[in-house]
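Since the structure comes first, as structure tokens, the remarks are kept for the end.
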Amino acid sequence: MDLGTAIVGIVCVTAAAMPFVLTNKNKKKKEKQLLNAIKNLAEQQHCQLTQHELCGAYAIGIDTTKNFLFFQLNTNEGPKQQYIDLSTIKNCNVSSSNKIISNNNIIDRLDLELISTDKNKPSFLLEFYSFDLSYQLSGELQSIEQWNNLIQKQLSKNE
């Protein structure tokens, strides 16, 4: 094999790999920004995340000692941040809505609903998935179940 063929081969391999490298680098950068945003939200409430998760367009975290939940969803309109004092929550459940597209039942939304102890206050809805933001589920279903169980355990400690 001559030097010219080797150089052409190296250039072709590099050109083919570059989109994957850049996509991965961009994804890591967005995840780091999302994690920093939720950590800053927790610090503003004088809390520290004891557990957190990043999945797609959202980040969720909890401070189990101070009993606070933190959530950020990045949407087309910008980030939506929420923090919830779990001592004001009586129950937590998964809420989903479906729609039919081409005779297929598709999940349209996945929300984690936190029901307040005060009946005059509305429930908190944390949007884990929306068909409008992403056409395909990528771990949100498992994530919402995990967080529902974690919050249920935290609420049972408060009773």
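Each chain in the structure tokens gets a letter, A, B and so on, in the order shown; residues start at 1 in every chain, and ligands are counted from 1 in the order they appear.
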For Ser87 (chain A): contacts at 9 Å, only C-alpha atoms, fewer than 4 positions along chain excluded, given as a list in words: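 So, after excluding close chain neighbours, the residues are Asn67, Phe68, Thr117, Leu155 and Asn158 of chain A.
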Rows by chain and residue number, region 78-106 of chain A within 12 Å of region 121-129 of chain A, shortest pair, only C-alpha atoms, as a Markdown table:
```
| residue | atom | partner | partner_atom | distance |
| --- | --- | --- | --- | --- |
| A:Lys80 | CA | A:Leu126 | CA | 9.9 |
| A:Gln81 | CA | A:Leu126 | CA | 9.7 |
| A:Gln82 | CA | A:Leu126 | CA | 8.3 |
| A:Tyr83 | CA | A:Phe124 | CA | 9.8 |
| A:Ile84 | CA | A:Phe124 | CA | 8.3 |
| A:Asp85 | CA | A:Phe124 | CA | 10.9 |
| A:Leu86 | CA | A:Phe124 | CA | 11.0 |
| A:Thr88 | CA | A:Lys121 | CA | 10.1 |
| A:Ile89 | CA | A:Ser123 | CA | 8.8 |
| A:Lys90 | CA | A:Ser123 | CA | 10.2 |
| A:Asn91 | CA | A:Ser123 | CA | 9.7 |
| A:Cys92 | CA | A:Phe124 | CA | 9.4 |
| A:Asn93 | CA | A:Leu125 | CA | 9.9 |
| A:Val94 | CA | A:Leu125 | CA | 9.6 |
| A:Ser95 | CA | A:Leu125 | CA | 8.8 |
| A:Ser96 | CA | A:Tyr129 | CA | 9.2 |
| A:Ser97 | CA | A:Tyr129 | CA | 10.4 |
| A:Asn98 | CA | A:Tyr129 | CA | 11.6 |
| A:Ile106 | CA | A:Tyr129 | CA | 12.0 |
```
Computed interatomic separation between CA of Ile100 (chain A) and CA of Tyr135 (chain A) (Å):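 Value for the CA of Ile100 (chain A)-CA of Tyr135 (chain A) distance: 13.5 Å.
Running DSSP on the backbone and keeping only helix (DSSP H, G or I), the residues of region 80-156 of chain A that qualify are Leu86, Ser87, Thr88, Glu140, Leu141, Gln142, Ser143, Ile144, Glu145, Gln146, Trp147, Asn148, Asn149, Leu150, Ile151, Gln152, Lys153, Gln154, Leu155 and Ser156 of chain A.
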Extract, using only C-alpha atoms, all DNA, RNA and protein residues at most 10 Å from Ile38 (chain A), discarding same-chain residues fewer than 2 positions from it, and format them as a list of chain:residue names. A:Gln33, A:Leu34, A:Leu35, A:Asn36, A:Asn40, A:Leu41, A:Ala42, A:Glu43, A:Gln44, A:Leu49, A:His52, A:Leu54, A:Tyr58, A:Ala59, A:Ile60, A:Gly61, A:Phe70, A:Phe71, A:Gln72, A:Leu73, A:Gln81, A:Gln82, A:Tyr83
Keeping only C-alpha atoms, write those residues as a short mmCIF file (atom, residue, chain, number, x, y, z; two decimals), in the first residue's frame.
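Result file follows (part03.cif):
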```
data_model
loop_
_atom_site.label_atom_id
_atom_site.label_comp_id
_atom_site.auth_asym_id
_atom_site.auth_seq_id
_atom_site.Cartn_x
_atom_site.Cartn_y
_atom_site.Cartn_z
CA GLN A 33 -25.43 22.59 31.33
CA LEU A 34 -28.64 20.85 32.42
CA LEU A 35 -26.96 19.33 35.47
CA ASN A 36 -25.43 22.68 36.44
CA ASN A 40 -27.95 25.88 40.89
CA LEU A 41 -31.72 25.67 41.44
CA ALA A 42 -31.12 23.43 44.45
CA GLU A 43 -28.44 25.76 45.83
CA GLN A 44 -30.83 28.72 45.56
CA LEU A 49 -28.95 17.05 45.47
CA HIS A 52 -30.41 13.17 40.32
CA LEU A 54 -30.64 13.49 33.31
CA TYR A 58 -35.14 17.13 31.50
CA ALA A 59 -33.23 16.84 34.75
CA ILE A 60 -34.71 15.79 38.06
CA GLY A 61 -33.12 15.71 41.48
CA PHE A 70 -36.11 19.84 41.72
CA PHE A 71 -37.03 19.61 38.04
CA GLN A 72 -35.96 21.34 34.85
CA LEU A 73 -37.38 20.76 31.39
CA GLN A 81 -37.73 25.04 36.38
CA GLN A 82 -39.73 23.82 39.36
CA TYR A 83 -38.90 23.03 42.95
#
```
Excluding same-chain residues fewer than 6 positions from Cys55 (chain A), what lies within 8 Å of it counting only C-alpha atoms, as a ChimeraX atom specification? /A:138-140,143
Quick one: pull the distance between CA of Ile144 (chain A) and CA of Phe20 (chain A), Å, one decimal. 28.6 Å
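Computed from the coordinates, the CA of Lys99 (chain A) to CA of Glu145 (chain A) distance equals 20.6 Å.
In this comparison, which uses only C-alpha atoms, the residue of A:Asn105, A:Thr23, A:Thr75, A:Gln51 approaching Trp147 (chain A) most closely is A:Gln51.
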Backbone DSSP call of strand (DSSP E) for region 1-92 of chain A, listed as a PyMOL selection string: chain A and resi 51-55+58-63+68-75+78-85+89-92
Put those residues in a file: C-alpha atoms, as an mmCIF file, in the first residue's frame.
```cif
data_model
loop_
_atom_site.group_PDB
_atom_site.id
_atom_site.type_symbol
_atom_site.label_atom_id
_atom_site.label_comp_id
_atom_site.auth_asym_id
_atom_site.auth_seq_id
_atom_site.Cartn_x
_atom_site.Cartn_y
_atom_site.Cartn_z
ATOM 1 C CA GLN A 51 -29.854 11.911 43.857
ATOM 2 C CA HIS A 52 -30.411 13.175 40.316
ATOM 3 C CA GLU A 53 -31.008 12.000 36.765
ATOM 4 C CA LEU A 54 -30.642 13.495 33.313
ATOM 5 C CA CYS A 55 -32.802 12.051 30.567
ATOM 6 C CA TYR A 58 -35.135 17.130 31.498
ATOM 7 C CA ALA A 59 -33.229 16.836 34.745
ATOM 8 C CA ILE A 60 -34.711 15.788 38.060
ATOM 9 C CA GLY A 61 -33.122 15.705 41.479
ATOM 10 C CA ILE A 62 -34.010 15.335 45.128
ATOM 11 C CA ASP A 63 -32.624 16.458 48.455
ATOM 12 C CA PHE A 68 -37.220 19.032 48.242
ATOM 13 C CA LEU A 69 -37.643 17.920 44.628
ATOM 14 C CA PHE A 70 -36.110 19.844 41.720
ATOM 15 C CA PHE A 71 -37.026 19.608 38.040
ATOM 16 C CA GLN A 72 -35.964 21.340 34.851
ATOM 17 C CA LEU A 73 -37.377 20.764 31.387
ATOM 18 C CA ASN A 74 -35.767 22.354 28.342
ATOM 19 C CA THR A 75 -38.453 23.274 25.823
ATOM 20 C CA GLY A 78 -36.735 27.908 27.024
ATOM 21 C CA PRO A 79 -36.106 26.120 30.306
ATOM 22 C CA LYS A 80 -38.916 25.493 32.803
ATOM 23 C CA GLN A 81 -37.727 25.036 36.378
ATOM 24 C CA GLN A 82 -39.729 23.820 39.363
ATOM 25 C CA TYR A 83 -38.902 23.033 42.946
ATOM 26 C CA ILE A 84 -41.356 21.379 45.281
ATOM 27 C CA ASP A 85 -41.357 21.032 49.040
ATOM 28 C CA ILE A 89 -47.324 16.738 48.924
ATOM 29 C CA LYS A 90 -49.619 13.890 49.921
ATOM 30 C CA ASN A 91 -49.347 11.606 46.897
ATOM 31 C CA CYS A 92 -47.512 11.053 43.646
#
```
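The smallest atom-to-atom distance between Thr65 (chain A) and any of A:Asn26, A:Gln48, A:Glu77, A:Ala37, using only C-alpha atoms, is found for A:Gln48.
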Closest of A:Val11, A:Leu3, A:Ala16, A:Leu112 to Gln146 (chain A) - atom-to-atom distances counting only C-alpha atoms: A:Leu112
